[in-house]
2 protein chains.
Amino acid sequence: MPPTSPPPSSTPQRILDVAERLVQTQGFNGFSYADIASELHVTKASLHYHFATKAALGTELIARYHDTFQRALDGIDADERDARRKLRRYVDLYAGVLRKDRLCLCGMLASDFATLPRPMKDAVRRFFDLNERWVARVLEEGRKARTVRLGGAAAEVARTLVAALEGAMLVARSYGDVSRFEAALERLVTPLVTRQRS
Amino acid sequence: MPPTSPPPSSTPQRILDVAERLVQTQGFNGFSYADIASELHVTKASLHYHFATKAALGTELIARYHDTFQRALDGIDADERDARRKLRRYVDLYAGVLRKDRLCLCGMLASDFATLPRPMKDAVRRFFDLNERWVARVLEEGRKARTVRLGGAAAEVARTLVAALEGAMLVARSYGDVSRFEAALERLVTPLVTRQRS
DNA sequence: GTCTATAGGTGGATAGAC
DNA sequence: GTCTATCCACCTATAGAC
């Protein structure tokens, strides 16, 4: 097979791609069907055929993001055995998002939280749950292998780490400065993966 | 003077009070002049008399928030001498906001950042600058007094702390659970103010 | 599955009376 | 300083032709 044309996405997928980027950059209340339509050169009515309401589109958006993220985490588990390397790969997922000038989809939706329909609220929390559970498990693995040093319960440390990553992305983007995020990463992760303070 | 009626706020102040709460809960793109008007039982036209445009209102909002925060930090400096106590008072400012079911005004605006007019963007960054400068100074004070232990440059630790607080508020609010924020606080602050890991 | 056309509502903002 | 009335652009969403 020649390494030419990328696989043609279905129309719903392309809609989700554009919507995802718009939410990650502008927020759920910061874009409209018209924005997606003009970018894809289709009409708003056509979008409503695939996603009847904005709430439905938003819910699908989170579901796809969740699944993609889940697969990425599975990939890390398959590739790496060292908890420290798993953690690095994990935070790199976030760094990759920020490098595209985006925020975490669910971090963004968390700030729009009060205005979201119920199904979206629940889905946002489930995304955070997924993150916290995975990080907590990896921290536990590292603790057992004596490659990670924890100052408390893994679940607590995981929650703090996930929240701190979301905040670091948020602030770093305001300065348009990815290195701000990367510096925060080091501060947050190094104390965990180092045997003792250097 | 009898401890009766609270001081009557001017109309612009009351407008700012309502707008501030709406931004902190719904985001800058999640409320309208109509929302403020109905709550204050005035017309939208009346609001435009005091704040010609939404951008002007937003800019005033950040300026007032900045000043109020600056005064709160000055108050902490006046009240406390121990850097550890200053830090506790500082993070309590954030906890107080979250207990009112709000996010930091500028944390919220940071997520709306891409859609904000220039003057608001600049003002948001200045608020973060203020926070980071103050925290860095307090950390330095603590380091000199040997009551604070830093694993790096005070400015870097301050940046990470401020960003982590913003993220911890964001996530905690999605769960409607202030204790989540408080737990994160302990994880973030305790390693700084304790002489050594317990 | 995409279009035209449109409904019904809300957005920020303005003119001019009081 | 607040009101009524209004503008126009935009919003989400639907009906019905192709």
# chains A, B, ... in the order shown; residues from 1 in each chain; ligands from 1

call {"tool": "interface_residues", "arguments": {"of": "chain B", "to": "chain D", "cutoff": "9 Å", "atoms": "only C-alpha atoms (C1' of nucleotides)", "output": "ChimeraX atom specification"}}
result
/B:42-43,45-46,49

call {"tool": "interface_residues", "arguments": {"of": "chain C", "to": "chain B", "cutoff": "8 Å", "atoms": "only C-alpha atoms (C1' of nucleotides)", "output": "list in words"}}
result
DG11, DG12 and DA13 of chain C

call {"tool": "interface_residues", "arguments": {"of": "chain B", "to": "chain A", "cutoff": "10 Å", "atoms": "only C-alpha atoms", "output": "ChimeraX atom specification"}}
result
/B:24-31,101-103,106-116,121-122,124-125,128,151-152,156-175,180-181,183-188,191,197-198

call {"tool": "atom_distance", "arguments": {"atom1": "CA of Ala56 (chain B)", "atom2": "CA of Glu20 (chain B)"}}
result
13.1 Å

call {"tool": "residues_around", "arguments": {"residues": "region 66-80 of chain B", "least_positions_apart": "5", "cutoff": "7 Å", "atoms": "only C-alpha atoms (C1' of nucleotides)", "output": "number ranges by chain"}}
result
B: 85-86, 89, 127

call {"tool": "atom_distance", "arguments": {"atom1": "CA of Arg99 (chain A)", "atom2": "CA of Val23 (chain A)"}}
result
15.8 Å

call {"tool": "residues_around", "arguments": {"residues": "Asp35 (chain B)", "least_positions_apart": "5", "cutoff": "10 Å", "atoms": "only C-alpha atoms (C1' of nucleotides)", "output": "list in words"}}
result
Val18, Ala19, Leu22, Gly30, Leu40, His41 and Lys44 of chain B

call {"tool": "write_last_selection", "arguments": {"atoms": "N, CA and C atoms", "output": "compact mmCIF listing (two decimals), in the first residue's frame"}}
result
# COMPACT_ATOMS: atom_id res chain seq x y z
N VAL B 18 -22.96 41.08 40.39
CA VAL B 18 -23.72 40.02 39.71
C VAL B 18 -22.90 39.45 38.55
N ALA B 19 -22.31 40.33 37.77
CA ALA B 19 -21.52 39.88 36.62
C ALA B 19 -20.36 38.99 37.08
N LEU B 22 -21.59 35.59 37.89
CA LEU B 22 -21.97 34.87 36.67
C LEU B 22 -20.74 34.39 35.90
N GLY B 30 -20.95 32.48 28.96
CA GLY B 30 -22.07 31.74 29.49
C GLY B 30 -23.11 32.60 30.18
N LEU B 40 -31.23 42.16 38.63
CA LEU B 40 -31.23 43.47 39.30
C LEU B 40 -32.53 44.25 39.04
N HIS B 41 -33.43 43.65 38.27
CA HIS B 41 -34.71 44.30 37.95
C HIS B 41 -34.49 45.66 37.28
N LYS B 44 -31.68 46.05 30.07
CA LYS B 44 -30.36 45.91 29.48
C LYS B 44 -29.78 47.27 29.11

call {"tool": "atom_distance", "arguments": {"atom1": "CA of Pro8 (chain A)", "atom2": "CA of Ile62 (chain A)"}}
result
21.9 Å

call {"tool": "residues_around", "arguments": {"residues": "Lys144 (chain A)", "least_positions_apart": "6", "cutoff": "12 Å", "atoms": "only C-alpha atoms (C1' of nucleotides)", "output": "compact mmCIF listing (two decimals) with all heavy atoms, in the first residue's frame"}}
result
# COMPACT_ATOMS: atom_id res chain seq x y z
N ASP A 82 7.97 0.06 33.39
CA ASP A 82 8.39 0.90 34.51
C ASP A 82 7.34 1.99 34.77
O ASP A 82 6.98 2.75 33.86
CB ASP A 82 9.74 1.53 34.16
CG ASP A 82 10.33 2.32 35.32
OD1 ASP A 82 9.57 3.02 36.01
OD2 ASP A 82 11.55 2.26 35.50
N ALA A 83 6.88 2.08 35.99
CA ALA A 83 5.85 3.06 36.34
C ALA A 83 6.31 4.48 36.04
O ALA A 83 5.51 5.33 35.65
CB ALA A 83 5.47 2.93 37.81
N ARG A 137 -3.32 3.59 39.83
CA ARG A 137 -2.85 2.21 39.64
C ARG A 137 -1.36 2.20 39.30
O ARG A 137 -0.59 1.40 39.84
CB ARG A 137 -3.65 1.55 38.52
CG ARG A 137 -3.65 0.03 38.59
CD ARG A 137 -3.95 -0.58 37.24
NE ARG A 137 -2.84 -0.41 36.33
CZ ARG A 137 -2.95 -0.04 35.05
NH1 ARG A 137 -4.15 0.20 34.54
NH2 ARG A 137 -1.88 0.10 34.29
N VAL A 138 -0.97 3.13 38.42
CA VAL A 138 0.45 3.19 38.04
C VAL A 138 1.32 3.61 39.23
O VAL A 138 2.41 3.06 39.42
CB VAL A 138 0.63 4.17 36.86
CG1 VAL A 138 2.11 4.47 36.62
CG2 VAL A 138 0.00 3.60 35.59
N LEU A 150 5.74 7.73 47.34
CA LEU A 150 4.49 8.46 47.57
C LEU A 150 4.42 8.97 49.01
O LEU A 150 4.79 8.27 49.95
CB LEU A 150 3.28 7.55 47.31
CG LEU A 150 3.13 7.04 45.88
CD1 LEU A 150 1.92 6.13 45.78
CD2 LEU A 150 2.99 8.20 44.92
N ALA A 154 -2.14 6.51 47.12
CA ALA A 154 -1.96 6.69 45.67
C ALA A 154 -3.16 7.42 45.06
O ALA A 154 -3.00 8.28 44.19
CB ALA A 154 -1.77 5.33 45.00

call {"tool": "closest_residue", "arguments": {"among": "B:Glu60, B:Asp17, B:Thr11, B:Tyr65", "to": "Leu47 (chain B)", "atoms": "only C-alpha atoms"}}
result
B:Thr11

call {"tool": "select_by_dssp", "arguments": {"residues": "region 26-169 of chain B", "states": "helix (DSSP H, G or I)", "output": "ChimeraX atom specification"}}
result
/B:26,28-30,33-40,44-50,54-79,83-99,105-111,113-115,118-144,154-169

call {"tool": "write_last_selection", "arguments": {"atoms": "C-alpha atoms", "output": "compact mmCIF listing (two decimals), in the first residue's frame"}}
result
# COMPACT_ATOMS: atom_id res chain seq x y z
CA GLN B 26 -20.86 30.20 33.96
CA PHE B 28 -17.66 34.90 30.11
CA ASN B 29 -19.54 33.36 27.19
CA GLY B 30 -22.07 31.74 29.49
CA TYR B 33 -26.68 41.37 29.88
CA ALA B 34 -30.21 39.96 30.09
CA ASP B 35 -29.13 37.72 32.98
CA ILE B 36 -27.77 40.65 34.96
CA ALA B 37 -30.74 42.85 34.09
CA SER B 38 -33.37 40.39 35.26
CA GLU B 39 -31.55 39.76 38.52
CA LEU B 40 -31.23 43.47 39.30
CA LYS B 44 -30.36 45.91 29.48
CA ALA B 45 -30.21 49.49 28.22
CA SER B 46 -29.56 50.64 31.76
CA LEU B 47 -26.61 48.30 32.04
CA HIS B 48 -25.17 49.68 28.82
CA TYR B 49 -25.27 53.14 30.36
CA HIS B 50 -22.82 52.00 33.04
CA LYS B 54 -19.46 43.55 27.45
CA ALA B 55 -15.73 43.85 26.87
CA ALA B 56 -15.66 47.01 28.99
CA LEU B 57 -17.62 45.27 31.72
CA GLY B 58 -15.22 42.34 31.59
CA THR B 59 -12.19 44.56 31.83
CA GLU B 60 -13.59 46.40 34.84
CA LEU B 61 -14.42 43.07 36.40
CA ILE B 62 -10.82 41.89 36.26
CA ALA B 63 -9.49 45.24 37.45
CA ARG B 64 -11.72 45.16 40.53
CA TYR B 65 -10.88 41.51 41.20
CA HIS B 66 -7.19 42.27 40.88
CA ASP B 67 -7.42 45.17 43.32
CA THR B 68 -9.48 43.23 45.84
CA PHE B 69 -7.02 40.38 45.66
CA GLN B 70 -4.06 42.72 45.98
CA ARG B 71 -5.61 44.19 49.12
CA ALA B 72 -6.21 40.72 50.53
CA LEU B 73 -2.55 39.87 49.97
CA ASP B 74 -1.49 43.13 51.60
CA GLY B 75 -3.71 42.20 54.54
CA ILE B 76 -2.01 38.83 54.87
CA ASP B 77 1.40 40.50 54.82
CA ALA B 78 0.23 42.88 57.53
CA ASP B 79 -1.27 40.15 59.72
CA ALA B 83 5.69 32.47 55.61
CA ARG B 84 3.93 29.19 56.34
CA ARG B 85 0.98 31.04 57.84
CA LYS B 86 0.94 33.43 54.90
CA LEU B 87 0.72 30.50 52.54
CA ARG B 88 -2.14 28.98 54.49
CA ARG B 89 -4.00 32.26 54.40
CA TYR B 90 -3.32 32.50 50.69
CA VAL B 91 -4.74 29.11 49.77
CA ASP B 92 -7.68 29.84 52.08
CA LEU B 93 -8.58 32.71 49.76
CA TYR B 94 -9.04 30.18 47.00
CA ALA B 95 -10.93 27.76 49.23
CA GLY B 96 -13.32 30.56 50.15
CA VAL B 97 -14.11 31.18 46.50
CA LEU B 98 -14.82 27.51 45.86
CA ARG B 99 -17.07 27.28 48.92
CA LEU B 105 -12.46 34.75 38.09
CA CYS B 106 -9.24 34.63 36.13
CA GLY B 107 -9.06 30.85 36.12
CA MET B 108 -12.45 30.89 34.47
CA LEU B 109 -11.40 33.60 32.04
CA ALA B 110 -8.27 31.63 31.25
CA SER B 111 -10.47 28.90 29.83
CA PHE B 113 -9.05 33.02 26.82
CA ALA B 114 -9.15 32.48 23.06
CA THR B 115 -12.44 34.36 22.77
CA ARG B 118 -7.11 41.88 24.03
CA PRO B 119 -7.46 44.10 27.10
CA MET B 120 -9.04 41.25 29.02
CA LYS B 121 -6.34 38.81 27.98
CA ASP B 122 -3.65 41.15 29.24
CA ALA B 123 -5.50 41.71 32.50
CA VAL B 124 -5.88 37.97 33.11
CA ARG B 125 -2.14 37.48 32.71
CA ARG B 126 -1.47 40.37 35.07
CA PHE B 127 -3.60 38.67 37.71
CA PHE B 128 -1.55 35.50 37.41
CA ASP B 129 1.62 37.59 37.51
CA LEU B 130 0.43 39.19 40.74
CA ASN B 131 -0.24 35.80 42.30
CA GLU B 132 3.03 34.28 41.19
CA ARG B 133 5.07 37.25 42.33
CA TRP B 134 3.46 37.31 45.76
CA VAL B 135 3.77 33.57 46.31
CA ALA B 136 7.39 33.59 45.10
CA ARG B 137 8.23 36.39 47.51
CA VAL B 138 6.60 34.58 50.43
CA LEU B 139 8.41 31.36 49.54
CA GLU B 140 11.68 33.26 49.52
CA GLU B 141 10.90 34.75 52.91
CA GLY B 142 10.25 31.27 54.23
CA ARG B 143 13.41 29.91 52.73
CA LYS B 144 15.47 32.61 54.39
CA ALA B 154 10.94 30.12 44.28
CA ALA B 155 9.50 31.62 41.09
CA GLU B 156 9.16 28.17 39.54
CA VAL B 157 7.57 26.65 42.61
CA ALA B 158 5.19 29.60 42.82
CA ARG B 159 4.09 29.17 39.23
CA THR B 160 3.41 25.50 39.75
CA LEU B 161 1.51 26.14 42.96
CA VAL B 162 -0.73 28.80 41.45
CA ALA B 163 -1.50 26.66 38.41
CA ALA B 164 -2.17 23.62 40.57
CA LEU B 165 -4.60 25.58 42.73
CA GLU B 166 -6.50 26.71 39.66
CA GLY B 167 -6.74 23.14 38.39
CA ALA B 168 -7.73 21.74 41.76
CA MET B 169 -10.60 24.24 41.97
